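Shown next: my_file-v5.pdb, containing PDB, C-alpha atoms.
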```pdb
ATOM      1  CA  MET A   1      92.195 115.206 145.975
ATOM      2  CA  ASN A   2      89.991 116.688 143.276
ATOM      3  CA  LYS A   3      92.692 115.987 140.679
ATOM      4  CA  ASN A   4      93.025 112.357 141.813
ATOM      5  CA  LEU A   5      89.276 111.863 141.588
ATOM      6  CA  LEU A   6      89.228 113.203 138.020
ATOM      7  CA  CYS A   7      92.086 110.870 137.031
ATOM      8  CA  LEU A   8      90.290 107.905 138.581
ATOM      9  CA  LEU A   9      87.079 108.819 136.759
ATOM     10  CA  PHE A  10      88.940 109.234 133.466
ATOM     11  CA  PHE A  11      90.653 105.829 133.686
ATOM     12  CA  SER A  12      87.423 104.146 134.784
ATOM     13  CA  LEU A  13      85.646 105.487 131.712
ATOM     14  CA  LEU A  14      88.559 104.463 129.536
ATOM     15  CA  LEU A  15      88.424 100.880 130.821
ATOM     16  CA  LEU A  16      84.670 100.713 130.375
ATOM     17  CA  SER A  17      84.889 101.929 126.808
ATOM     18  CA  CYS A  18      87.369  99.202 125.814
ATOM     19  CA  LYS A  19      85.533  96.380 124.131
ATOM     20  CA  LYS A  20      86.737  92.800 124.255
ATOM     21  CA  ASP A  21      86.620  90.709 121.089
ATOM     22  CA  ASP A  22      83.270  89.010 121.095
ATOM     23  CA  PRO A  23      82.916  85.933 118.861
ATOM     24  CA  THR A  24      79.197  86.636 118.514
ATOM     25  CA  ASP A  25      80.043  89.849 116.614
ATOM     26  CA  ASP A  26      80.502  87.743 113.463
ATOM     27  CA  LEU A  27      77.052  86.214 113.739
ATOM     28  CA  GLY A  28      74.894  87.465 110.902
ATOM     29  CA  LYS A  29      77.826  88.346 108.644
ATOM     30  CA  LYS A  30      77.899  86.647 105.269
ATOM     31  CA  GLN A  31      80.978  84.565 104.527
ATOM     32  CA  LEU A  32      81.810  83.174 101.086
ATOM     33  CA  THR A  33      84.172  80.179 101.152
ATOM     34  CA  LEU A  34      85.384  77.465  98.796
ATOM     35  CA  LEU A  35      84.548  73.873  99.690
ATOM     36  CA  GLY A  36      87.504  72.388  97.886
ATOM     37  CA  GLU A  37      90.913  73.108  96.487
ATOM     38  CA  SER A  38      91.801  76.628  95.410
ATOM     39  CA  VAL A  39      94.109  75.275  92.667
ATOM     40  CA  ILE A  40      92.997  72.579  90.225
ATOM     41  CA  ASP A  41      95.416  70.900  87.801
ATOM     42  CA  VAL A  42      93.982  69.780  84.461
ATOM     43  CA  PRO A  43      95.642  67.671  81.724
ATOM     44  CA  ALA A  44      96.282  69.098  78.251
ATOM     45  CA  GLU A  45      93.270  67.195  76.826
ATOM     46  CA  GLY A  46      90.957  69.325  78.964
ATOM     47  CA  ARG A  47      88.015  68.202  81.054
ATOM     48  CA  THR A  48      85.113  69.491  83.106
ATOM     49  CA  VAL A  49      85.837  70.435  86.713
ATOM     50  CA  THR A  50      83.306  71.067  89.462
ATOM     51  CA  ILE A  51      83.875  73.838  91.978
ATOM     52  CA  SER A  52      81.865  73.941  95.216
ATOM     53  CA  TYR A  53      81.367  76.931  97.486
ATOM     54  CA  GLU A  54      79.245  78.030 100.422
ATOM     55  CA  LEU A  55      77.752  81.315 101.587
ATOM     56  CA  THR A  56      76.873  81.383 105.276
ATOM     57  CA  ASN A  57      74.126  83.603 106.707
ATOM     58  CA  ALA A  58      72.542  83.694 103.259
ATOM     59  CA  SER A  59      69.073  84.935 102.383
ATOM     60  CA  LEU A  60      66.857  84.165  99.399
ATOM     61  CA  ASP A  61      67.986  87.440  97.794
ATOM     62  CA  ASP A  62      71.690  86.555  97.810
ATOM     63  CA  MET A  63      73.425  85.742  94.561
ATOM     64  CA  VAL A  64      76.899  84.368  93.994
ATOM     65  CA  GLU A  65      78.176  85.360  90.571
ATOM     66  CA  ASN A  66      81.013  83.672  88.728
ATOM     67  CA  ALA A  67      83.291  84.684  85.896
ATOM     68  CA  ALA A  68      86.145  83.069  83.994
ATOM     69  CA  THR A  69      89.281  85.111  83.328
ATOM     70  CA  GLU A  70      90.302  83.217  80.173
ATOM     71  CA  ARG A  71      88.452  82.306  76.964
ATOM     72  CA  TRP A  72      89.482  78.648  77.264
ATOM     73  CA  LEU A  73      87.501  78.369  80.532
ATOM     74  CA  HIS A  74      83.738  78.011  80.053
ATOM     75  CA  VAL A  75      81.260  77.980  82.938
ATOM     76  CA  THR A  76      78.638  75.503  81.768
ATOM     77  CA  GLU A  77      76.336  74.960  84.722
ATOM     78  CA  THR A  78      75.672  76.242  88.230
ATOM     79  CA  ASN A  79      73.432  74.576  90.800
ATOM     80  CA  ILE A  80      72.591  76.156  94.133
ATOM     81  CA  HIS A  81      70.744  75.026  97.209
ATOM     82  CA  ILE A  82      69.650  77.390  99.966
ATOM     83  CA  SER A  83      68.847  75.972 103.372
ATOM     84  CA  SER A  84      66.501  78.265 105.269
ATOM     85  CA  LYS A  85      67.137  76.239 108.431
ATOM     86  CA  ASP A  86      70.847  77.026 108.772
ATOM     87  CA  LYS A  87      70.950  79.995 106.349
ATOM     88  CA  LYS A  88      73.544  78.443 104.023
ATOM     89  CA  LEU A  89      73.728  78.700 100.279
ATOM     90  CA  GLN A  90      75.693  75.883  98.710
ATOM     91  CA  GLY A  91      76.680  76.094  95.081
ATOM     92  CA  HIS A  92      78.327  73.802  92.571
ATOM     93  CA  THR A  93      79.654  75.226  89.320
ATOM     94  CA  ALA A  94      80.822  73.133  86.365
ATOM     95  CA  CYS A  95      83.579  74.599  84.226
ATOM     96  CA  ARG A  96      84.724  73.113  80.919
ATOM     97  CA  VAL A  97      88.452  73.484  80.303
ATOM     98  CA  SER A  98      89.213  73.387  76.566
ATOM     99  CA  GLU A  99      92.090  71.376  75.160
ATOM    100  CA  ASN A 100      95.484  73.052  75.362
ATOM    101  CA  ASP A 101      97.072  72.530  71.949
ATOM    102  CA  THR A 102     100.292  74.343  72.870
ATOM    103  CA  ASN A 103     103.335  73.072  74.739
ATOM    104  CA  ALA A 104     103.085  75.763  77.382
ATOM    105  CA  LEU A 105     101.449  75.446  80.787
ATOM    106  CA  ARG A 106      98.578  77.912  81.085
ATOM    107  CA  GLU A 107      96.694  79.313  84.007
ATOM    108  CA  GLY A 108      93.317  80.988  84.462
ATOM    109  CA  LYS A 109      90.858  81.726  87.240
ATOM    110  CA  ILE A 110      87.191  81.302  88.033
ATOM    111  CA  GLU A 111      86.098  84.117  90.344
ATOM    112  CA  PHE A 112      83.077  83.906  92.624
ATOM    113  CA  THR A 113      81.656  87.113  94.081
ATOM    114  CA  CYS A 114      78.887  88.028  96.481
ATOM    115  CA  GLY A 115      78.698  91.676  97.432
ATOM    116  CA  ASN A 116      82.217  92.802  98.288
ATOM    117  CA  GLN A 117      83.530  89.270  98.910
ATOM    118  CA  MET A 118      85.423  87.287  96.305
ATOM    119  CA  VAL A 119      86.998  83.833  96.249
ATOM    120  CA  GLU A 120      88.796  82.367  93.287
ATOM    121  CA  VAL A 121      89.934  79.031  91.957
ATOM    122  CA  THR A 122      93.061  78.822  89.824
ATOM    123  CA  ILE A 123      92.944  76.370  86.936
ATOM    124  CA  ARG A 124      96.410  75.186  85.814
ATOM    125  CA  GLN A 125      96.482  73.262  82.573
ATOM    126  CA  ALA A 126      99.436  71.269  81.303
ATOM    127  CA  GLY A 127     100.746  71.732  77.787
ATOM    128  CA  LYS A 128     100.986  68.897  75.244
TER
END
```

Since I need it in another form, could you write the structure as structure tokens?
Amino acid sequence: MNKNLLCLLFFSLLLLSCKKDDPTDDLGKKQLTLLGESVIDVPAEGRTVTISYELTNASLDDMVENAATERWLHVTETNIHISSKDKKLQGHTACRVSENDTNALREGKIEFTCGNQMVEVTIRQAGK
């Protein structure tokens, strides 16, 4: 009987210690997401593209940094808006894609980072 009671106690504690997935666990976590396509096709002549992103559960101290992986990609302007009401940071970054004077298709990336999160947009540019 004593052995059965210990087994029952053990399994009861085991069941109590199991935690169900709670959707509210993600509340308060920052999430960086793109608000558009993750791949943008550009003609050989080049042009300026605008990339939009959002950071949820943002604070006034949060920064989203961006970087181009290729010299023919130039970040020219970034505008951000932080809503204290719903704790969202929305950003729009303009990137100038230089003319591709070769016949080859080329590809580069614009990377956006906030803390340990990163999202990226691939820029594919046609050749002449």

I would like the residues chosen by the PyMOL selection byres ((chain A and resi 88-98) around 6) on the shown file; could you give them as a list in words?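 After applying the PyMOL selection byres ((chain A and resi 88-98) around 6), what remains is Gly46, Arg47, Thr48, Val49, Thr50, Ile51, Ser52, Tyr53, Glu54, Leu55, Thr56, Asn57, Ala58, Trp72, Leu73, His74, Val75, Thr76, Glu77, Thr78, Asn79, Ile80, His81, Ile82, Ser83, Asp86, Lys87 and Glu99 of chain A.
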
Taking the file as I've supplied it (selection: the PyMOL selection byres ((chain A and resi 70) around 10)), which residues are included? Please answer as number ranges by chain. A: 67-69, 71-74, 97, 106-110, 123

Using all atoms listed in the file, which residues sit within 6 Å of Ala126 in chain A once same-chain residues fewer than 5 positions away are excluded, as number ranges by chain? A: 43-44, 105

Selected residues written out, C-alpha atoms, as a PDB file, in the frame of the given file:
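Ended up saving to selection26.pdb:
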```pdb
ATOM      1  CA  PRO A  43      95.642  67.671  81.724  1.00  0.00           C
ATOM      2  CA  ALA A  44      96.282  69.098  78.251  1.00  0.00           C
ATOM      3  CA  LEU A 105     101.449  75.446  80.787  1.00  0.00           C
TER       4      LEU A 105
END
```

Using all atoms listed in the file, which of A:Val121, A:Leu32, A:Ala104, A:Ile40 sits nearest Asp62 in chain A? A:Leu32

In terms of the shortest atom-to-atom distance over only C-alpha atoms, which of A:Val64, A:Asn100, A:Glu45, A:Glu111 is closest to Gln31 in chain A?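 Among A:Val64, A:Asn100, A:Glu45, A:Glu111, it is A:Val64 that comes nearest to Gln31 in chain A.
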
Separation of CA of Gln117 in chain A and CA of Val42 in chain A, in Å? 26.4 Å

What is the distance between CA of Lys30 in chain A and CA of Asn66 in chain A, in Å to one decimal? 17.1 Å

Measure the distance from CA of Glu65 in chain A to CA of Thr33 in chain A in Å and round it to one decimal.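 Separating CA of Glu65 in chain A from CA of Thr33 in chain A is a distance of 13.2 Å.
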
Between A:Gln125, A:Ser38, A:Ser59, A:Ser84, which residue has the minimum interatomic distance to Asp101 in chain A, considering only C-alpha atoms?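 Ranked by minimum distance to Asp101 in chain A, first place goes to A:Gln125.
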